[in-house]
file query.cif (mmCIF, C-alpha atoms)
data_data
#
loop_
_atom_site.group_PDB
_atom_site.id
_atom_site.type_symbol
_atom_site.label_atom_id
_atom_site.label_comp_id
_atom_site.auth_asym_id
_atom_site.auth_seq_id
_atom_site.Cartn_x
_atom_site.Cartn_y
_atom_site.Cartn_z
ATOM 1 C CA MET L 1 93.191 47.813 86.175
ATOM 2 C CA VAL L 2 94.262 50.030 89.058
ATOM 3 C CA GLU L 3 96.666 48.568 91.602
ATOM 4 C CA VAL L 4 96.968 49.846 95.195
ATOM 5 C CA ARG L 5 100.440 49.355 96.637
ATOM 6 C CA PRO L 6 102.741 50.844 99.262
ATOM 7 C CA ALA L 7 104.491 53.975 98.047
ATOM 8 C CA ARG L 8 108.168 53.628 97.221
ATOM 9 C CA GLU L 9 110.949 56.133 97.797
ATOM 10 C CA ASP L 10 110.943 57.061 94.125
ATOM 11 C CA ASP L 11 107.204 57.932 94.261
ATOM 12 C CA GLY L 12 107.782 61.247 96.067
ATOM 13 C CA ALA L 13 107.397 63.449 92.983
ATOM 14 C CA ALA L 14 104.305 61.512 91.945
ATOM 15 C CA LEU L 15 102.705 62.043 95.374
ATOM 16 C CA ARG L 16 103.214 65.776 95.068
ATOM 17 C CA SER L 17 101.896 65.747 91.507
ATOM 18 C CA VAL L 18 98.717 63.946 92.597
ATOM 19 C CA ALA L 19 98.309 66.470 95.433
ATOM 20 C CA ALA L 20 98.682 69.374 92.998
ATOM 21 C CA ARG L 21 96.019 67.979 90.659
ATOM 22 C CA ALA L 22 93.634 66.636 93.320
ATOM 23 C CA PHE L 23 93.693 69.651 95.642
ATOM 24 C CA GLY L 24 93.982 72.498 93.121
ATOM 25 C CA ASP L 25 95.026 75.733 94.807
ATOM 26 C CA GLU L 26 95.652 73.834 98.062
ATOM 27 C CA GLY L 27 97.994 71.359 96.310
ATOM 28 C CA PRO L 28 101.251 73.111 97.281
ATOM 29 C CA LEU L 29 100.106 73.263 100.917
ATOM 30 C CA ILE L 30 99.244 69.554 100.896
ATOM 31 C CA ALA L 31 102.679 68.789 99.406
ATOM 32 C CA ARG L 32 104.238 70.791 102.281
ATOM 33 C CA LEU L 33 102.146 68.762 104.747
ATOM 34 C CA LEU L 34 103.509 65.524 103.265
ATOM 35 C CA ASP L 35 107.069 66.806 103.697
ATOM 36 C CA ALA L 36 106.410 68.080 107.239
ATOM 37 C CA LEU L 37 104.851 64.784 108.363
ATOM 38 C CA ASP L 38 107.864 62.919 106.988
ATOM 39 C CA ALA L 39 110.332 65.303 108.646
ATOM 40 C CA ALA L 40 108.536 64.977 112.003
ATOM 41 C CA GLY L 41 108.575 61.174 111.799
ATOM 42 C CA HIS L 42 104.767 61.006 111.866
ATOM 43 C CA THR L 43 104.201 59.124 108.592
ATOM 44 C CA ARG L 44 103.103 55.539 109.216
ATOM 45 C CA VAL L 45 101.602 54.427 105.880
ATOM 46 C CA ASP L 46 101.700 55.786 102.336
ATOM 47 C CA LEU L 47 99.672 53.965 99.696
ATOM 48 C CA VAL L 48 99.355 54.803 96.022
ATOM 49 C CA ALA L 49 96.934 53.824 93.292
ATOM 50 C CA VAL L 50 98.715 53.049 90.030
ATOM 51 C CA ASP L 51 97.038 52.922 86.619
ATOM 52 C CA ARG L 52 99.205 51.622 83.753
ATOM 53 C CA GLY L 53 102.397 52.618 85.543
ATOM 54 C CA THR L 54 101.223 56.093 86.582
ATOM 55 C CA VAL L 55 100.425 57.089 90.164
ATOM 56 C CA VAL L 56 96.854 58.449 90.057
ATOM 57 C CA GLY L 57 95.956 58.444 93.759
ATOM 58 C CA HIS L 58 97.519 58.612 97.197
ATOM 59 C CA VAL L 59 96.540 58.205 100.841
ATOM 60 C CA ARG L 60 98.600 58.761 103.974
ATOM 61 C CA LEU L 61 98.193 57.617 107.563
ATOM 62 C CA SER L 62 100.117 59.568 110.182
ATOM 63 C CA ARG L 63 100.378 59.356 113.929
ATOM 64 C CA SER L 64 98.326 61.432 116.302
ATOM 65 C CA TRP L 65 96.923 60.785 119.765
ATOM 66 C CA VAL L 66 93.745 60.473 121.757
ATOM 67 C CA ASP L 67 94.073 62.177 125.125
ATOM 68 C CA ALA L 68 92.227 59.505 127.131
ATOM 69 C CA ARG L 69 91.739 59.692 130.889
ATOM 70 C CA GLU L 70 93.949 56.637 131.506
ATOM 71 C CA ARG L 71 96.794 57.673 129.184
ATOM 72 C CA GLN L 72 97.555 58.965 125.701
ATOM 73 C CA VAL L 73 96.746 56.514 122.947
ATOM 74 C CA GLU L 74 98.535 56.640 119.611
ATOM 75 C CA VAL L 75 96.027 56.591 116.761
ATOM 76 C CA LEU L 76 96.208 57.307 113.040
ATOM 77 C CA VAL L 77 94.880 60.192 110.991
ATOM 78 C CA LEU L 78 94.010 59.624 107.352
ATOM 79 C CA SER L 79 95.101 62.744 105.476
ATOM 80 C CA PRO L 80 95.481 63.432 102.678
ATOM 81 C CA LEU L 81 93.442 61.210 100.383
ATOM 82 C CA GLY L 82 93.654 62.445 96.822
ATOM 83 C CA VAL L 83 92.850 61.118 93.364
ATOM 84 C CA ASP L 84 93.801 62.787 90.103
ATOM 85 C CA PRO L 85 90.574 64.415 88.818
ATOM 86 C CA ALA L 86 90.928 62.597 85.475
ATOM 87 C CA HIS L 87 90.648 59.293 87.387
ATOM 88 C CA GLN L 88 87.882 60.157 89.854
ATOM 89 C CA GLN L 89 84.487 58.421 89.955
ATOM 90 C CA ARG L 90 86.138 55.047 89.283
ATOM 91 C CA GLY L 91 86.324 53.739 92.868
ATOM 92 C CA ILE L 92 90.005 54.614 93.328
ATOM 93 C CA GLY L 93 89.408 56.750 96.425
ATOM 94 C CA SER L 94 87.306 53.973 97.959
ATOM 95 C CA ALA L 95 89.997 51.390 97.171
ATOM 96 C CA LEU L 96 92.670 53.589 98.795
ATOM 97 C CA LEU L 97 90.429 54.139 101.813
ATOM 98 C CA GLU L 98 89.815 50.409 102.253
ATOM 99 C CA ALA L 99 93.519 49.588 101.871
ATOM 100 C CA ALA L 100 94.458 52.303 104.394
ATOM 101 C CA VAL L 101 92.050 50.944 107.017
ATOM 102 C CA ALA L 102 93.408 47.424 106.440
ATOM 103 C CA ALA L 103 96.988 48.713 106.831
ATOM 104 C CA ALA L 104 96.038 50.519 110.047
ATOM 105 C CA GLY L 105 94.602 47.280 111.409
ATOM 106 C CA GLU L 106 97.796 45.430 110.521
ATOM 107 C CA LEU L 107 99.773 48.045 112.484
ATOM 108 C CA GLY L 108 97.549 47.428 115.514
ATOM 109 C CA ALA L 109 96.121 50.950 115.562
ATOM 110 C CA PRO L 110 92.972 51.200 117.678
ATOM 111 C CA ALA L 111 91.316 53.852 115.488
ATOM 112 C CA VAL L 112 91.694 55.959 112.353
ATOM 113 C CA PHE L 113 90.320 59.509 112.160
ATOM 114 C CA LEU L 114 89.680 61.924 109.326
ATOM 115 C CA GLU L 115 87.969 65.178 108.434
ATOM 116 C CA GLY L 116 85.646 64.663 105.500
ATOM 117 C CA ASP L 117 82.285 64.536 103.810
ATOM 118 C CA PRO L 118 80.045 62.446 106.069
ATOM 119 C CA GLY L 119 77.958 61.332 103.084
ATOM 120 C CA PHE L 120 80.954 59.820 101.314
ATOM 121 C CA TYR L 121 82.666 58.326 104.344
ATOM 122 C CA SER L 122 79.625 56.980 106.207
ATOM 123 C CA ALA L 123 78.763 54.904 103.131
ATOM 124 C CA ARG L 124 82.195 53.302 103.575
ATOM 125 C CA GLY L 125 81.871 52.403 107.258
ATOM 126 C CA TRP L 126 83.066 55.608 108.945
ATOM 127 C CA GLN L 127 81.101 57.032 111.864
ATOM 128 C CA PRO L 128 80.950 60.368 113.683
ATOM 129 C CA GLY L 129 83.748 60.509 116.252
ATOM 130 C CA SER L 130 81.420 61.932 118.902
ATOM 131 C CA ARG L 131 79.327 58.756 118.747
ATOM 132 C CA HIS L 132 82.279 56.921 120.317
ATOM 133 C CA GLY L 133 83.296 59.485 122.937
ATOM 134 C CA PHE L 134 85.881 61.390 120.882
ATOM 135 C CA THR L 135 86.069 65.154 120.617
ATOM 136 C CA ARG L 136 87.312 67.168 117.663
ATOM 137 C CA PRO L 137 90.774 68.684 117.858
ATOM 138 C CA SER L 138 89.338 72.007 116.634
ATOM 139 C CA VAL L 139 85.980 73.765 116.529
ATOM 140 C CA ARG L 140 86.839 74.516 112.894
ATOM 141 C CA ILE L 141 85.999 70.896 112.047
ATOM 142 C CA PRO L 142 82.228 70.619 111.613
ATOM 143 C CA GLU L 143 80.966 67.912 113.977
ATOM 144 C CA PRO L 144 79.530 65.707 111.169
ATOM 145 C CA ALA L 145 82.871 65.834 109.314
ATOM 146 C CA PHE L 146 84.822 64.444 112.309
ATOM 147 C CA GLN L 147 84.854 60.755 111.354
ATOM 148 C CA VAL L 148 86.378 57.597 112.841
ATOM 149 C CA VAL L 149 86.760 53.894 112.150
ATOM 150 C CA LEU L 150 87.346 51.742 115.227
ATOM 151 C CA LEU L 151 89.687 48.789 114.765
ATOM 152 C CA PRO L 152 90.119 45.548 116.746
ATOM 153 C CA GLY L 153 92.784 47.174 118.958
ATOM 154 C CA HIS L 154 90.270 49.689 120.300
ATOM 155 C CA GLN L 155 89.146 49.400 123.931
ATOM 156 C CA ASP L 156 86.217 51.247 125.478
ATOM 157 C CA TRP L 157 88.401 53.425 127.736
ATOM 158 C CA MET L 158 90.166 54.855 124.651
ATOM 159 C CA ARG L 159 88.038 57.973 124.315
ATOM 160 C CA GLY L 160 88.795 61.653 124.622
ATOM 161 C CA ALA L 161 90.112 64.503 122.504
ATOM 162 C CA LEU L 162 91.935 63.790 119.262
ATOM 163 C CA VAL L 163 95.279 65.611 119.274
ATOM 164 C CA TYR L 164 96.824 66.123 115.848
ATOM 165 C CA GLY L 165 100.577 66.021 115.339
ATOM 166 C CA ASP L 166 102.380 69.368 115.140
ATOM 167 C CA PRO L 167 102.682 69.506 111.308
ATOM 168 C CA PHE L 168 98.908 69.900 110.944
ATOM 169 C CA TRP L 169 98.937 72.902 113.290
ATOM 170 C CA ALA L 170 102.147 74.457 111.953
ATOM 171 C CA LEU L 171 100.688 74.537 108.440
ATOM 172 C CA ASP L 172 97.174 75.481 109.603
ATOM 173 C CA VAL L 173 95.511 72.572 107.800
ATOM 174 C CA VAL L 174 93.204 71.611 110.679
ATOM 175 C CA GLY L 175 89.559 72.146 109.813
ATOM 176 C CA LEU L 176 88.257 74.968 107.672
ATOM 177 C CA ARG L 177 88.156 78.755 107.799
ATOM 178 C CA ASP L 178 85.302 81.160 107.119
ATOM 179 C CA PRO L 179 83.525 81.751 104.818
ATOM 180 C CA LEU L 180 83.619 78.061 103.744
ATOM 181 C CA LEU L 181 83.282 76.849 107.343
ATOM 182 C CA ARG L 182 80.170 78.983 107.880
ATOM 183 C CA ARG L 183 78.570 77.735 104.634
ATOM 184 C CA LEU L 184 79.192 74.075 105.517
ATOM 185 C CA GLU L 185 77.869 74.521 109.042
ATOM 186 C CA GLN L 186 74.690 75.987 107.569
ATOM 187 C CA VAL L 187 74.355 73.028 105.206
ATOM 188 C CA PHE L 188 74.828 70.543 108.055
ATOM 189 C CA GLU L 189 72.378 72.434 110.285
ATOM 190 C CA SER L 190 69.707 72.437 107.571
ATOM 191 C CA GLY L 191 70.120 68.671 107.146
ATOM 192 C CA LEU L 192 70.841 68.855 103.423
#
call {"tool": "encode", "arguments": {"input": "query.cif", "output": "structure tokens"}}
result
Amino acid sequence: MVEVRPAREDDGAALRSVAARAFGDEGPLIARLLDALDAAGHTRVDLVAVDRGTVVGHVRLSRSWVDARERQVEVLVLSPLGVDPAHQQRGIGSALLEAAVAAAGELGAPAVFLEGDPGFYSARGWQPGSRHGFTRPSVRIPEPAFQVVLLPGHQDWMRGALVYGDPFWALDVVGLRDPLLRRLEQVFESGL
């Protein structure tokens, strides 16, 4: 049975190990993102999935902002979400996602954003950000991949551009680059 719990200080190496396995060639970059978010004070929630004493999945919520007309609104960004490939297709990612949204609600966050597969996330309650008056922080994020979950703290005036924290920009992990970006845009445009 897999348990989802808050990450502990001694889980740091395990988080990086999950990132290395879950993100392949991008694993070292994701590990650097984890460190940079911590160093910048942006980390709000770290959750891990544990199977028989071994961390097999991880999700992080970090602070970002919506640049609303009335004022900036602190929101959360869900990134990264990773599951060890040997443990995928068992509902662990979905369990981490659900626990992260619940944790965000407990913190009083008005919304949680992510970049991801709209097929996977929409089946779990996520919606396109543009549907709620939000704009992507970068044109390198395909519109359908810009997803949001609104929480009870959300008010209608809280709409505008999502502004990621500096670590995402410093490490260039916002959106995608060509040729992958071009291929995904073509897939989305064709409706497949």
call {"tool": "residues_around", "arguments": {"input": "query.cif", "residues": "stretch 112-127 of chain L", "least_positions_apart": "5", "cutoff": "9 Å", "atoms": "all atoms listed in the file", "output": "list in words"}}
result
Leu61, Val75, Leu76, Val77, Leu78, Ser79, Pro80, Ser94, Leu97, Glu98, Val101, Ala104, His132, Ile141, Pro142, Pro144, Ala145, Phe146, Gln147, Val148, Val149, Leu150, Leu151, Leu162, Val174 and Gly175 of chain L
call {"tool": "closest_residue", "arguments": {"input": "query.cif", "among": "L:Arg69, L:Arg140, L:Arg63, L:His58", "to": "L:Thr43", "atoms": "only C-alpha atoms"}}
result
L:Arg63
call {"tool": "resolve_selection", "arguments": {"input": "query.cif", "expression": "the PyMOL selection byres ((chain L and resi 38) around 12)", "output": "NGL selection string"}}
result
:L and (9 or 12 or 31-37 or 39-46 or 60-63 or 165-167)
call {"tool": "write_last_selection", "arguments": {"input": "query.cif", "atoms": "C-alpha atoms", "output": "mmCIF file, in the frame of the given file"}}
result
data_model
loop_
_atom_site.group_PDB
_atom_site.id
_atom_site.type_symbol
_atom_site.label_atom_id
_atom_site.label_comp_id
_atom_site.auth_asym_id
_atom_site.auth_seq_id
_atom_site.Cartn_x
_atom_site.Cartn_y
_atom_site.Cartn_z
ATOM 1 C CA GLU L 9 110.949 56.133 97.797
ATOM 2 C CA GLY L 12 107.782 61.247 96.067
ATOM 3 C CA ALA L 31 102.679 68.789 99.406
ATOM 4 C CA ARG L 32 104.238 70.791 102.281
ATOM 5 C CA LEU L 33 102.146 68.762 104.747
ATOM 6 C CA LEU L 34 103.509 65.524 103.265
ATOM 7 C CA ASP L 35 107.069 66.806 103.697
ATOM 8 C CA ALA L 36 106.410 68.080 107.239
ATOM 9 C CA LEU L 37 104.851 64.784 108.363
ATOM 10 C CA ALA L 39 110.332 65.303 108.646
ATOM 11 C CA ALA L 40 108.536 64.977 112.003
ATOM 12 C CA GLY L 41 108.575 61.174 111.799
ATOM 13 C CA HIS L 42 104.767 61.006 111.866
ATOM 14 C CA THR L 43 104.201 59.124 108.592
ATOM 15 C CA ARG L 44 103.103 55.539 109.216
ATOM 16 C CA VAL L 45 101.602 54.427 105.880
ATOM 17 C CA ASP L 46 101.700 55.786 102.336
ATOM 18 C CA ARG L 60 98.600 58.761 103.974
ATOM 19 C CA LEU L 61 98.193 57.617 107.563
ATOM 20 C CA SER L 62 100.117 59.568 110.182
ATOM 21 C CA ARG L 63 100.378 59.356 113.929
ATOM 22 C CA GLY L 165 100.577 66.021 115.339
ATOM 23 C CA ASP L 166 102.380 69.368 115.140
ATOM 24 C CA PRO L 167 102.682 69.506 111.308
#
call {"tool": "resolve_selection", "arguments": {"input": "query.cif", "expression": "the PyMOL selection byres ((chain L and resi 18) around 12)", "output": "PyMOL selection string"}}
result
chain L and resi 11-17+19-24+26-28+30-31+34+48-50+54-59+80-88
call {"tool": "atom_distance", "arguments": {"input": "query.cif", "atom1": "atom CA of L:Ala100", "atom2": "atom CA of L:Arg177"}}
result
27.4 Å
call {"tool": "closest_residue", "arguments": {"input": "query.cif", "among": "L:Gly153, L:Arg8, L:Arg52, L:Tyr164", "to": "L:Glu106", "atoms": "all atoms listed in the file"}}
result
L:Gly153
call {"tool": "residues_near_point", "arguments": {"input": "query.cif", "point": "(91.1, 52.2, 89.5)", "cutoff": "7 Å", "atoms": "all atoms listed in the file", "output": "NGL selection string"}}
result
:L and (1-3 or 51 or 90-92)
call {"tool": "atom_distance", "arguments": {"input": "query.cif", "atom1": "atom CA of L:Gln89", "atom2": "atom CA of L:Gly191"}}
result
24.6 Å
call {"tool": "atom_distance", "arguments": {"input": "query.cif", "atom1": "atom CA of L:Phe134", "atom2": "atom CA of L:Pro6"}}
result
29.4 Å
call {"tool": "resolve_selection", "arguments": {"input": "query.cif", "expression": "the PyMOL selection byres ((chain L and resi 74) around 6)", "output": "mmCIF file with C-alpha atoms, keeping the file's coordinate frame"}}
result
data_model
loop_
_atom_site.group_PDB
_atom_site.id
_atom_site.type_symbol
_atom_site.label_atom_id
_atom_site.label_comp_id
_atom_site.auth_asym_id
_atom_site.auth_seq_id
_atom_site.Cartn_x
_atom_site.Cartn_y
_atom_site.Cartn_z
ATOM 1 C CA SER L 64 98.326 61.432 116.302
ATOM 2 C CA TRP L 65 96.923 60.785 119.765
ATOM 3 C CA VAL L 73 96.746 56.514 122.947
ATOM 4 C CA VAL L 75 96.027 56.591 116.761
#
call {"tool": "axis_aligned_box", "arguments": {"input": "query.cif", "around": "stretch 111-126 of chain L", "padding_each_side": "4 Å", "output": "lines of an AutoDock Vina configuration file"}}
result
center_x = 84.8
center_y = 58.8
center_z = 108.4
size_x = 21.7
size_y = 20.8
size_z = 22.2
call {"tool": "closest_residue", "arguments": {"input": "query.cif", "among": "L:Glu143, L:Val187, L:Arg136, L:Arg182", "to": "L:Val66", "atoms": "only C-alpha atoms"}}
result
L:Arg136
